[in-house]
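Colleague: Okay, so here is my_file-v9.txt, and as you'll see once you scroll down, it has compact mmCIF, N, CA and C atoms and all ligand atoms.
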```txt
# COMPACT_ATOMS: atom_id res chain seq x y z
N SER H 1 99.04 130.31 113.20
CA SER H 1 100.31 131.05 113.19
C SER H 1 101.19 130.58 112.03
N THR H 2 102.21 131.32 111.76
CA THR H 2 103.17 130.96 110.71
C THR H 2 103.78 129.59 110.99
N TYR H 3 104.07 129.37 112.26
CA TYR H 3 104.71 128.12 112.65
C TYR H 3 103.86 126.92 112.22
N VAL H 4 102.57 126.99 112.52
CA VAL H 4 101.67 125.89 112.17
C VAL H 4 101.63 125.69 110.66
N LEU H 5 101.55 126.79 109.93
CA LEU H 5 101.55 126.71 108.47
C LEU H 5 102.81 126.04 107.96
N ASP H 6 103.95 126.45 108.47
CA ASP H 6 105.22 125.88 108.04
C ASP H 6 105.25 124.37 108.24
N VAL H 7 104.81 123.94 109.39
CA VAL H 7 104.86 122.51 109.69
C VAL H 7 103.95 121.73 108.74
N SER H 8 102.74 122.24 108.53
CA SER H 8 101.78 121.49 107.74
C SER H 8 102.16 121.42 106.27
N GLU H 9 102.92 122.40 105.81
CA GLU H 9 103.28 122.42 104.39
C GLU H 9 104.65 121.84 104.11
N LYS H 10 105.33 121.45 105.15
CA LYS H 10 106.66 120.89 104.97
C LYS H 10 106.55 119.51 104.33
N PRO H 11 107.38 119.21 103.33
CA PRO H 11 107.33 117.86 102.78
C PRO H 11 107.82 116.86 103.82
N SER H 12 107.32 115.65 103.73
CA SER H 12 107.75 114.65 104.70
C SER H 12 109.26 114.43 104.54
N GLU H 13 109.92 114.26 105.62
CA GLU H 13 111.35 114.06 105.58
C GLU H 13 111.76 113.18 106.74
N LYS H 14 112.47 112.13 106.40
CA LYS H 14 112.88 111.18 107.43
C LYS H 14 114.08 110.46 106.89
N CYS H 15 115.00 110.11 107.75
CA CYS H 15 116.15 109.35 107.26
C CYS H 15 116.68 108.43 108.34
N GLY H 16 117.42 107.44 107.91
CA GLY H 16 118.01 106.50 108.84
C GLY H 16 118.60 105.30 108.13
N VAL H 17 119.21 104.43 108.90
CA VAL H 17 119.83 103.24 108.32
C VAL H 17 118.87 102.06 108.48
N LEU H 18 118.59 101.41 107.38
CA LEU H 18 117.68 100.26 107.36
C LEU H 18 118.33 99.15 106.56
N ASN H 19 117.87 97.94 106.77
CA ASN H 19 118.28 96.83 105.91
C ASN H 19 117.30 96.77 104.75
N VAL H 20 117.84 96.77 103.55
CA VAL H 20 116.97 96.86 102.38
C VAL H 20 117.41 95.84 101.33
N THR H 21 116.44 95.24 100.70
CA THR H 21 116.72 94.44 99.50
C THR H 21 115.59 94.61 98.50
N LYS H 22 115.97 94.59 97.24
CA LYS H 22 114.97 94.55 96.19
C LYS H 22 114.57 93.09 96.02
N ILE H 23 113.32 92.80 95.75
CA ILE H 23 112.93 91.41 95.45
C ILE H 23 112.30 91.28 94.07
N THR H 24 111.81 92.38 93.56
CA THR H 24 111.20 92.37 92.22
C THR H 24 111.55 93.67 91.50
N GLU H 25 111.84 93.56 90.23
CA GLU H 25 112.14 94.74 89.43
C GLU H 25 111.33 94.65 88.14
N HIS H 26 110.56 95.68 87.86
CA HIS H 26 109.65 95.68 86.70
C HIS H 26 108.84 94.39 86.63
N GLY H 27 108.37 93.93 87.78
CA GLY H 27 107.53 92.74 87.81
C GLY H 27 108.27 91.42 87.78
N LYS H 28 109.61 91.46 87.65
CA LYS H 28 110.39 90.22 87.60
C LYS H 28 111.15 90.01 88.90
N LYS H 29 111.11 88.79 89.39
CA LYS H 29 111.80 88.45 90.62
C LYS H 29 113.31 88.62 90.46
N VAL H 30 113.94 89.25 91.42
CA VAL H 30 115.40 89.35 91.40
C VAL H 30 115.96 88.75 92.70
N ARG H 31 117.23 88.40 92.67
CA ARG H 31 117.83 87.78 93.84
C ARG H 31 117.96 88.78 94.97
N LYS H 32 117.63 88.31 96.17
CA LYS H 32 117.76 89.17 97.35
C LYS H 32 119.21 89.54 97.60
N ASN H 33 119.40 90.73 98.05
CA ASN H 33 120.74 91.18 98.40
C ASN H 33 120.61 92.20 99.53
N TRP H 34 120.37 91.69 100.72
CA TRP H 34 120.17 92.58 101.88
C TRP H 34 121.40 93.45 102.09
N ALA H 35 121.18 94.72 102.27
CA ALA H 35 122.30 95.63 102.55
C ALA H 35 121.85 96.72 103.51
N SER H 36 122.74 97.04 104.40
CA SER H 36 122.52 98.15 105.31
C SER H 36 122.57 99.44 104.48
N THR H 37 121.51 100.19 104.53
CA THR H 37 121.29 101.24 103.53
C THR H 37 120.81 102.53 104.18
N TRP H 38 121.47 103.59 103.86
CA TRP H 38 121.03 104.92 104.32
C TRP H 38 119.80 105.30 103.50
N THR H 39 118.70 105.50 104.20
CA THR H 39 117.41 105.66 103.54
C THR H 39 116.82 107.02 103.85
N VAL H 40 116.36 107.70 102.83
CA VAL H 40 115.82 109.04 103.00
C VAL H 40 114.44 109.14 102.38
N LEU H 41 113.49 109.57 103.18
CA LEU H 41 112.15 109.86 102.66
C LEU H 41 112.07 111.36 102.48
N GLN H 42 111.82 111.77 101.24
CA GLN H 42 111.77 113.19 100.95
C GLN H 42 110.61 113.44 100.00
N GLY H 43 109.60 114.13 100.51
CA GLY H 43 108.40 114.29 99.70
C GLY H 43 107.82 112.92 99.40
N SER H 44 107.57 112.65 98.13
CA SER H 44 107.02 111.34 97.77
C SER H 44 108.09 110.41 97.23
N SER H 45 109.37 110.77 97.43
CA SER H 45 110.47 109.92 96.98
C SER H 45 111.16 109.23 98.14
N LEU H 46 111.56 108.01 97.89
CA LEU H 46 112.37 107.28 98.85
C LEU H 46 113.72 107.00 98.19
N LEU H 47 114.78 107.49 98.83
CA LEU H 47 116.11 107.37 98.25
C LEU H 47 116.97 106.46 99.11
N PHE H 48 117.83 105.70 98.44
CA PHE H 48 118.70 104.77 99.15
C PHE H 48 120.15 105.00 98.75
N ALA H 49 121.02 104.99 99.74
CA ALA H 49 122.45 105.08 99.46
C ALA H 49 123.16 104.01 100.25
N LYS H 50 123.84 103.15 99.57
CA LYS H 50 124.58 102.09 100.24
C LYS H 50 125.94 102.57 100.66
N GLY H 51 126.59 101.80 101.48
CA GLY H 51 128.01 102.01 101.65
C GLY H 51 128.44 102.46 103.02
N GLN H 52 129.73 102.45 103.21
CA GLN H 52 130.30 102.90 104.48
C GLN H 52 129.99 104.37 104.64
N GLY H 53 129.86 104.75 105.86
CA GLY H 53 129.53 106.15 106.10
C GLY H 53 128.03 106.35 106.17
N SER H 54 127.29 105.30 105.86
CA SER H 54 125.84 105.40 105.99
C SER H 54 125.50 105.82 107.41
N GLY H 55 124.59 106.70 107.52
CA GLY H 55 124.19 107.14 108.84
C GLY H 55 124.85 108.44 109.23
N THR H 56 125.96 108.76 108.60
CA THR H 56 126.60 110.02 108.95
C THR H 56 126.61 110.98 107.77
N SER H 57 126.73 110.43 106.58
CA SER H 57 126.87 111.35 105.45
C SER H 57 125.61 111.43 104.62
N TRP H 58 125.39 112.55 104.10
CA TRP H 58 124.27 112.81 103.20
C TRP H 58 124.73 112.50 101.79
N PHE H 59 123.79 112.32 100.86
CA PHE H 59 124.17 112.18 99.46
C PHE H 59 125.06 113.35 99.08
N GLY H 60 126.03 113.10 98.28
CA GLY H 60 126.92 114.18 97.91
C GLY H 60 128.16 114.18 98.77
N GLY H 61 128.04 113.59 99.95
CA GLY H 61 129.24 113.37 100.74
C GLY H 61 130.05 112.33 100.00
N ASN H 62 131.34 112.23 100.25
CA ASN H 62 132.12 111.32 99.42
C ASN H 62 132.02 109.86 99.83
N GLN H 63 131.30 109.59 100.92
CA GLN H 63 131.25 108.20 101.35
C GLN H 63 129.98 107.47 100.92
N SER H 64 128.96 108.20 100.57
CA SER H 64 127.77 107.48 100.11
C SER H 64 127.19 108.19 98.91
N LYS H 65 126.79 107.42 97.93
CA LYS H 65 126.17 108.03 96.78
C LYS H 65 124.77 107.45 96.60
N PRO H 66 123.87 108.20 96.05
CA PRO H 66 122.54 107.66 95.86
C PRO H 66 122.60 106.49 94.90
N GLU H 67 122.01 105.40 95.30
CA GLU H 67 122.07 104.22 94.46
C GLU H 67 120.75 103.98 93.78
N PHE H 68 119.70 104.40 94.47
CA PHE H 68 118.42 103.93 94.02
C PHE H 68 117.35 104.86 94.58
N MET H 69 116.32 105.05 93.81
CA MET H 69 115.26 105.93 94.27
C MET H 69 113.93 105.38 93.79
N VAL H 70 112.93 105.40 94.63
CA VAL H 70 111.61 104.99 94.18
C VAL H 70 110.59 106.09 94.43
N ASP H 71 109.63 106.12 93.54
CA ASP H 71 108.50 107.05 93.64
C ASP H 71 107.40 106.32 94.42
N LEU H 72 107.00 106.89 95.53
CA LEU H 72 106.00 106.23 96.37
C LEU H 72 104.57 106.43 95.88
N ARG H 73 104.37 107.38 94.97
CA ARG H 73 103.02 107.67 94.51
C ARG H 73 102.43 106.46 93.79
N GLY H 74 101.28 106.03 94.23
CA GLY H 74 100.64 104.86 93.63
C GLY H 74 101.16 103.54 94.16
N GLY H 75 102.04 103.61 95.14
CA GLY H 75 102.61 102.39 95.72
C GLY H 75 101.80 101.89 96.91
N SER H 76 102.33 100.85 97.56
CA SER H 76 101.67 100.33 98.75
C SER H 76 102.69 99.77 99.72
N VAL H 77 102.34 99.77 100.98
CA VAL H 77 103.18 99.11 101.99
C VAL H 77 102.33 98.16 102.83
N GLU H 78 102.94 97.06 103.18
CA GLU H 78 102.30 96.14 104.13
C GLU H 78 103.41 95.41 104.88
N TRP H 79 103.03 94.79 105.97
CA TRP H 79 104.00 93.96 106.68
C TRP H 79 104.20 92.69 105.87
N ALA H 80 105.46 92.34 105.64
CA ALA H 80 105.77 91.18 104.80
C ALA H 80 105.38 89.88 105.51
N SER H 81 104.89 88.95 104.73
CA SER H 81 104.53 87.63 105.28
C SER H 81 105.82 86.84 105.56
N LYS H 82 105.68 85.77 106.30
CA LYS H 82 106.83 84.91 106.63
C LYS H 82 107.45 84.29 105.38
N GLU H 83 106.65 84.14 104.35
CA GLU H 83 107.16 83.56 103.09
C GLU H 83 108.15 84.52 102.41
N LYS H 84 107.96 85.81 102.64
CA LYS H 84 108.83 86.79 101.98
C LYS H 84 110.18 86.90 102.64
N SER H 85 110.20 86.70 103.97
CA SER H 85 111.47 86.79 104.69
C SER H 85 111.35 86.12 106.04
N SER H 86 112.46 85.53 106.46
CA SER H 86 112.50 84.94 107.80
C SER H 86 112.82 85.98 108.86
N LYS H 87 113.19 87.19 108.39
CA LYS H 87 113.54 88.24 109.36
C LYS H 87 112.29 88.80 110.04
N LYS H 88 112.53 89.39 111.20
CA LYS H 88 111.46 90.09 111.92
C LYS H 88 111.32 91.51 111.40
N HIS H 89 110.17 92.09 111.59
CA HIS H 89 109.93 93.51 111.32
C HIS H 89 110.26 93.88 109.87
N VAL H 90 109.64 93.23 108.94
CA VAL H 90 109.93 93.49 107.52
C VAL H 90 108.73 94.16 106.84
N ILE H 91 109.01 95.28 106.22
CA ILE H 91 108.00 95.98 105.42
C ILE H 91 108.17 95.59 103.97
N GLU H 92 107.07 95.33 103.31
CA GLU H 92 107.10 95.08 101.86
C GLU H 92 106.55 96.33 101.17
N LEU H 93 107.39 96.92 100.35
CA LEU H 93 107.00 98.12 99.61
C LEU H 93 106.85 97.79 98.13
N LYS H 94 105.69 98.08 97.60
CA LYS H 94 105.46 97.85 96.17
C LYS H 94 105.26 99.20 95.50
N THR H 95 105.91 99.38 94.37
CA THR H 95 105.74 100.63 93.65
C THR H 95 104.82 100.42 92.45
N ARG H 96 104.36 101.53 91.93
CA ARG H 96 103.46 101.53 90.78
C ARG H 96 104.08 100.85 89.55
N VAL H 97 105.41 100.94 89.44
CA VAL H 97 106.06 100.38 88.25
C VAL H 97 106.56 98.95 88.45
N GLY H 98 106.10 98.32 89.52
CA GLY H 98 106.41 96.90 89.68
C GLY H 98 107.75 96.59 90.31
N THR H 99 108.26 97.52 91.11
CA THR H 99 109.45 97.23 91.92
C THR H 99 108.96 96.88 93.32
N GLU H 100 109.49 95.80 93.87
CA GLU H 100 109.16 95.45 95.25
C GLU H 100 110.43 95.42 96.08
N LEU H 101 110.35 96.04 97.23
CA LEU H 101 111.48 96.10 98.15
C LEU H 101 111.07 95.55 99.50
N LEU H 102 112.01 94.96 100.20
CA LEU H 102 111.81 94.65 101.60
C LEU H 102 112.69 95.59 102.41
N ILE H 103 112.12 96.10 103.48
CA ILE H 103 112.79 97.09 104.32
C ILE H 103 112.67 96.59 105.76
N GLN H 104 113.81 96.51 106.44
CA GLN H 104 113.80 95.86 107.75
C GLN H 104 114.68 96.60 108.74
N SER H 105 114.28 96.55 109.99
CA SER H 105 115.14 96.99 111.08
C SER H 105 114.93 96.04 112.24
N GLU H 106 115.98 95.76 112.97
CA GLU H 106 115.86 94.93 114.17
C GLU H 106 115.11 95.67 115.27
N ILE H 107 115.03 96.97 115.14
CA ILE H 107 114.46 97.80 116.21
C ILE H 107 113.01 98.10 115.87
N ASP H 108 112.09 97.55 116.67
CA ASP H 108 110.68 97.62 116.29
C ASP H 108 110.14 99.06 116.28
N THR H 109 110.60 99.90 117.18
CA THR H 109 110.12 101.29 117.16
C THR H 109 110.55 101.99 115.87
N VAL H 110 111.75 101.68 115.43
CA VAL H 110 112.27 102.28 114.20
C VAL H 110 111.44 101.85 113.00
N ILE H 111 111.20 100.57 112.89
CA ILE H 111 110.47 100.09 111.71
C ILE H 111 109.00 100.51 111.77
N ASN H 112 108.44 100.58 112.98
CA ASN H 112 107.05 101.06 113.10
C ASN H 112 106.93 102.50 112.64
N ASP H 113 107.90 103.33 112.99
CA ASP H 113 107.90 104.73 112.54
C ASP H 113 107.98 104.82 111.01
N TRP H 114 108.82 103.96 110.43
CA TRP H 114 108.94 103.96 108.97
C TRP H 114 107.66 103.48 108.30
N PHE H 115 107.05 102.48 108.90
CA PHE H 115 105.79 101.99 108.34
C PHE H 115 104.76 103.12 108.32
N ARG H 116 104.67 103.83 109.43
CA ARG H 116 103.72 104.95 109.53
C ARG H 116 104.06 106.04 108.51
N ALA H 117 105.32 106.39 108.42
CA ALA H 117 105.74 107.47 107.52
C ALA H 117 105.49 107.11 106.06
N LEU H 118 105.80 105.87 105.70
CA LEU H 118 105.60 105.45 104.31
C LEU H 118 104.11 105.38 103.98
N SER H 119 103.31 104.85 104.91
CA SER H 119 101.85 104.79 104.69
C SER H 119 101.27 106.18 104.53
N GLU H 120 101.67 107.08 105.42
CA GLU H 120 101.16 108.45 105.35
C GLU H 120 101.55 109.11 104.03
N THR H 121 102.77 108.89 103.62
CA THR H 121 103.24 109.49 102.37
C THR H 121 102.42 108.96 101.19
N ILE H 122 102.24 107.66 101.16
CA ILE H 122 101.47 107.06 100.06
C ILE H 122 100.04 107.59 100.06
N ASN H 123 99.44 107.69 101.24
CA ASN H 123 98.07 108.21 101.32
C ASN H 123 97.99 109.68 100.92
N THR H 124 98.96 110.45 101.37
CA THR H 124 98.97 111.88 101.07
C THR H 124 99.08 112.15 99.57
N HIS H 125 99.87 111.31 98.89
CA HIS H 125 100.16 111.55 97.47
C HIS H 125 99.34 110.64 96.56
N ALA H 126 98.29 110.03 97.12
CA ALA H 126 97.55 109.00 96.38
C ALA H 126 96.98 109.48 95.05
N TRP H 127 96.57 110.73 94.99
CA TRP H 127 95.84 111.18 93.80
C TRP H 127 96.67 112.05 92.88
N GLU H 128 97.99 112.00 93.02
CA GLU H 128 98.84 112.81 92.15
C GLU H 128 99.14 112.07 90.85
O1 LIG R 1 113.97 84.41 100.22
P1 LIG R 1 115.28 83.67 100.37
O2 LIG R 1 115.84 83.21 99.09
O3 LIG R 1 115.19 82.59 101.42
O4 LIG R 1 116.28 84.76 100.87
C1 LIG R 1 117.45 84.51 101.60
C2 LIG R 1 118.63 84.49 100.66
O5 LIG R 1 118.67 85.65 99.88
C3 LIG R 1 119.93 84.39 101.43
O6 LIG R 1 121.03 84.48 100.58
P2 LIG R 1 121.52 83.38 99.54
O7 LIG R 1 121.27 84.04 98.23
O8 LIG R 1 122.98 83.18 99.80
O9 LIG R 1 120.71 82.16 99.74
C4 LIG R 1 120.06 85.50 102.44
O10 LIG R 1 121.24 85.35 103.19
C5 LIG R 1 118.88 85.52 103.38
O11 LIG R 1 119.01 86.63 104.25
C6 LIG R 1 117.58 85.58 102.63
O12 LIG R 1 116.45 85.41 103.44
P3 LIG R 1 115.76 86.33 104.52
O13 LIG R 1 114.77 85.39 105.13
O14 LIG R 1 116.84 86.76 105.46
O15 LIG R 1 115.07 87.48 103.87
```
Could you take the file, read its structure, and then write that structure out as structure tokens?
Modeller:
Amino acid sequence: STYVLDVSEKPSEKCGVLNVTKITEHGKKVRKNWASTWTVLQGSSLLFAKGQGSGTSWFGGNQSKPEFMVDLRGGSVEWASKEKSSKKHVIELKTRVGTELLIQSEIDTVINDWFRALSETINTHAWE
């Protein structure tokens, strides 16, 4: 049916508030700066917007602006080792261009859903 077609062809889309820090940029280690971050998965892009109003406003709203965006194509996700962070439920995201991010939520169901969504996105777009 049309409904089934629509669902299967829809780009992945997911959003929520996560704790995020960059740890590496272009292959170079950078200082951690954990921040509560409005995170949007759209197609093969992951977008981050810091700031008050996270969770209620979309980019373009006056309370949050897009700060950072990564291309998931060619990237990888894994659960971060204890050496990477003392926090629980931390995902380590590596991009093709050598940016590494840690993504965390205190809520295990939330972070498990993100892990699944990011893995699926990376697998879906692996050969682009
Ligand atoms: O990997 P690190 O250096 O132990 O990361 C911790 C630091 O970034 C720390 O801030 P300072 O720059 O003031 O030391 C943060 O408060 C901690 O949250 C970082 O470690 P966790 O284990 O929370 O990722």
Colleague: Please find the residues contacting ligand LIG 1 (chain R) at a distance of at most 7 Å between atoms, with only C-alpha atoms and all ligand atoms counted, and report them as a count of residues only.
Modeller: 8
Colleague: Between range 97-116 of chain H and range 11-24 of chain H, at 6.5 Å or less, what are the per-residue closest atom pairs and their distances in Å? Count only N, CA and C atoms, order by chain and rising residue number, and return it as JSON lines.
Modeller:
```
{"residue": "H:Gly98", "atom": "C", "partner": "H:Thr24", "partner_atom": "C", "distance": 4.9}
{"residue": "H:Thr99", "atom": "CA", "partner": "H:Thr24", "partner_atom": "C", "distance": 4.2}
{"residue": "H:Glu100", "atom": "N", "partner": "H:Thr24", "partner_atom": "C", "distance": 3.8}
{"residue": "H:Leu101", "atom": "CA", "partner": "H:Lys22", "partner_atom": "CA", "distance": 4.3}
{"residue": "H:Leu102", "atom": "N", "partner": "H:Thr21", "partner_atom": "C", "distance": 4.0}
{"residue": "H:Ile103", "atom": "CA", "partner": "H:Asn19", "partner_atom": "C", "distance": 4.5}
{"residue": "H:Gln104", "atom": "N", "partner": "H:Asn19", "partner_atom": "C", "distance": 3.9}
{"residue": "H:Ser105", "atom": "N", "partner": "H:Asn19", "partner_atom": "N", "distance": 5.0}
```
Colleague: Filtering to N, CA and C atoms, could you give me those residues as an mmCIF file, in the frame of the given file?
Modeller:
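Result file selection-v6.cif:
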```
data_model
loop_
_atom_site.group_PDB
_atom_site.id
_atom_site.type_symbol
_atom_site.label_atom_id
_atom_site.label_comp_id
_atom_site.auth_asym_id
_atom_site.auth_seq_id
_atom_site.Cartn_x
_atom_site.Cartn_y
_atom_site.Cartn_z
ATOM 1 N N GLY H 98 106.100 98.320 89.520
ATOM 2 C CA GLY H 98 106.410 96.900 89.680
ATOM 3 C C GLY H 98 107.750 96.590 90.310
ATOM 4 N N THR H 99 108.260 97.520 91.110
ATOM 5 C CA THR H 99 109.450 97.230 91.920
ATOM 6 C C THR H 99 108.960 96.880 93.320
ATOM 7 N N GLU H 100 109.490 95.800 93.870
ATOM 8 C CA GLU H 100 109.160 95.450 95.250
ATOM 9 C C GLU H 100 110.430 95.420 96.080
ATOM 10 N N LEU H 101 110.350 96.040 97.230
ATOM 11 C CA LEU H 101 111.480 96.100 98.150
ATOM 12 C C LEU H 101 111.070 95.550 99.500
ATOM 13 N N LEU H 102 112.010 94.960 100.200
ATOM 14 C CA LEU H 102 111.810 94.650 101.600
ATOM 15 C C LEU H 102 112.690 95.590 102.410
ATOM 16 N N ILE H 103 112.120 96.100 103.480
ATOM 17 C CA ILE H 103 112.790 97.090 104.320
ATOM 18 C C ILE H 103 112.670 96.590 105.760
ATOM 19 N N GLN H 104 113.810 96.510 106.440
ATOM 20 C CA GLN H 104 113.800 95.860 107.750
ATOM 21 C C GLN H 104 114.680 96.600 108.740
ATOM 22 N N SER H 105 114.280 96.550 109.990
ATOM 23 C CA SER H 105 115.140 96.990 111.080
ATOM 24 C C SER H 105 114.930 96.040 112.240
#
```
Colleague: CA of Phe68 in chain H and CA of Phe115 in chain H are how many Å apart?
Modeller: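 About the pair CA of Phe68 in chain H and CA of Phe115 in chain H: they are 19.2 Å apart.
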Colleague: I'd like the neighbourhood of Asn123 in chain H as a PyMOL selection string, where a residue qualifies if any of its atoms comes within 9 Å (using only C-alpha atoms), though same-chain residues fewer than 5 positions away should be ignored.
Modeller: chain H and resi 73-74+118
Colleague: Suppose you want the space between atom N of Leu41 in chain H and CA of Lys29 in chain H; what is it in Å?
Modeller: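 For atom N of Leu41 in chain H relative to CA of Lys29 in chain H, the distance reads 24.6 Å.
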Colleague: So which residues touch His89 in chain H within 8 Å, counting only N, CA and C atoms, skipping near sequence neighbours fewer than 4 positions away, as a list of chain:residue names?
Modeller: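 Returned residues: H:Trp79, H:Ala80, H:Ile103, H:Gln104, H:Ser105, H:Glu106, H:Ile107, H:Asp108, H:Ile111, H:Asn112.
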Colleague: Could the centre and edge lengths of an axis-aligned box, enclosing all atoms of range 96-103 of chain H in the file with 4 Å extra on each side, be given in Å to one decimal as lines of an AutoDock Vina configuration file?
Modeller:
```
center_x = 108.1
center_y = 98.1
center_z = 97.0
size_x = 17.3
size_y = 14.9
size_z = 25.5
```
Colleague: What does the distance between atom N of Gln42 in chain H and atom C of Ser119 in chain H come to in Å, to one decimal place?
Modeller: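 The value is 12.4 Å.
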Colleague: Mind the document's chain letters and residue numbers, and return as a count of residues only the residues of range 90-125 of chain H that DSSP labels strand (DSSP E or B).
Modeller: 10
Colleague: Name the closest residue to Ser45 in chain H among the candidates H:Thr95, H:Arg116, H:Glu78, H:Met69; distances are taken between atoms, counting all atoms listed in the file.
Modeller: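 The answer is H:Met69, which sits nearest to Ser45 in chain H.
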Colleague: Which of these, H:Ala117, H:Val30, H:Ala126, H:Val70, has the shortest distance to Lys94 in chain H once you count only C-alpha atoms?
Modeller: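 Once distances to Lys94 in chain H are computed over only C-alpha atoms, the minimum belongs to H:Val70.
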Colleague: Which residue out of H:Trp127, H:Ser81, H:Thr109, H:Trp114 has the minimum interatomic distance to Leu46 in chain H when only C-alpha atoms are used?
Modeller: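 Of all the options, H:Trp114 lies closest to Leu46 in chain H.
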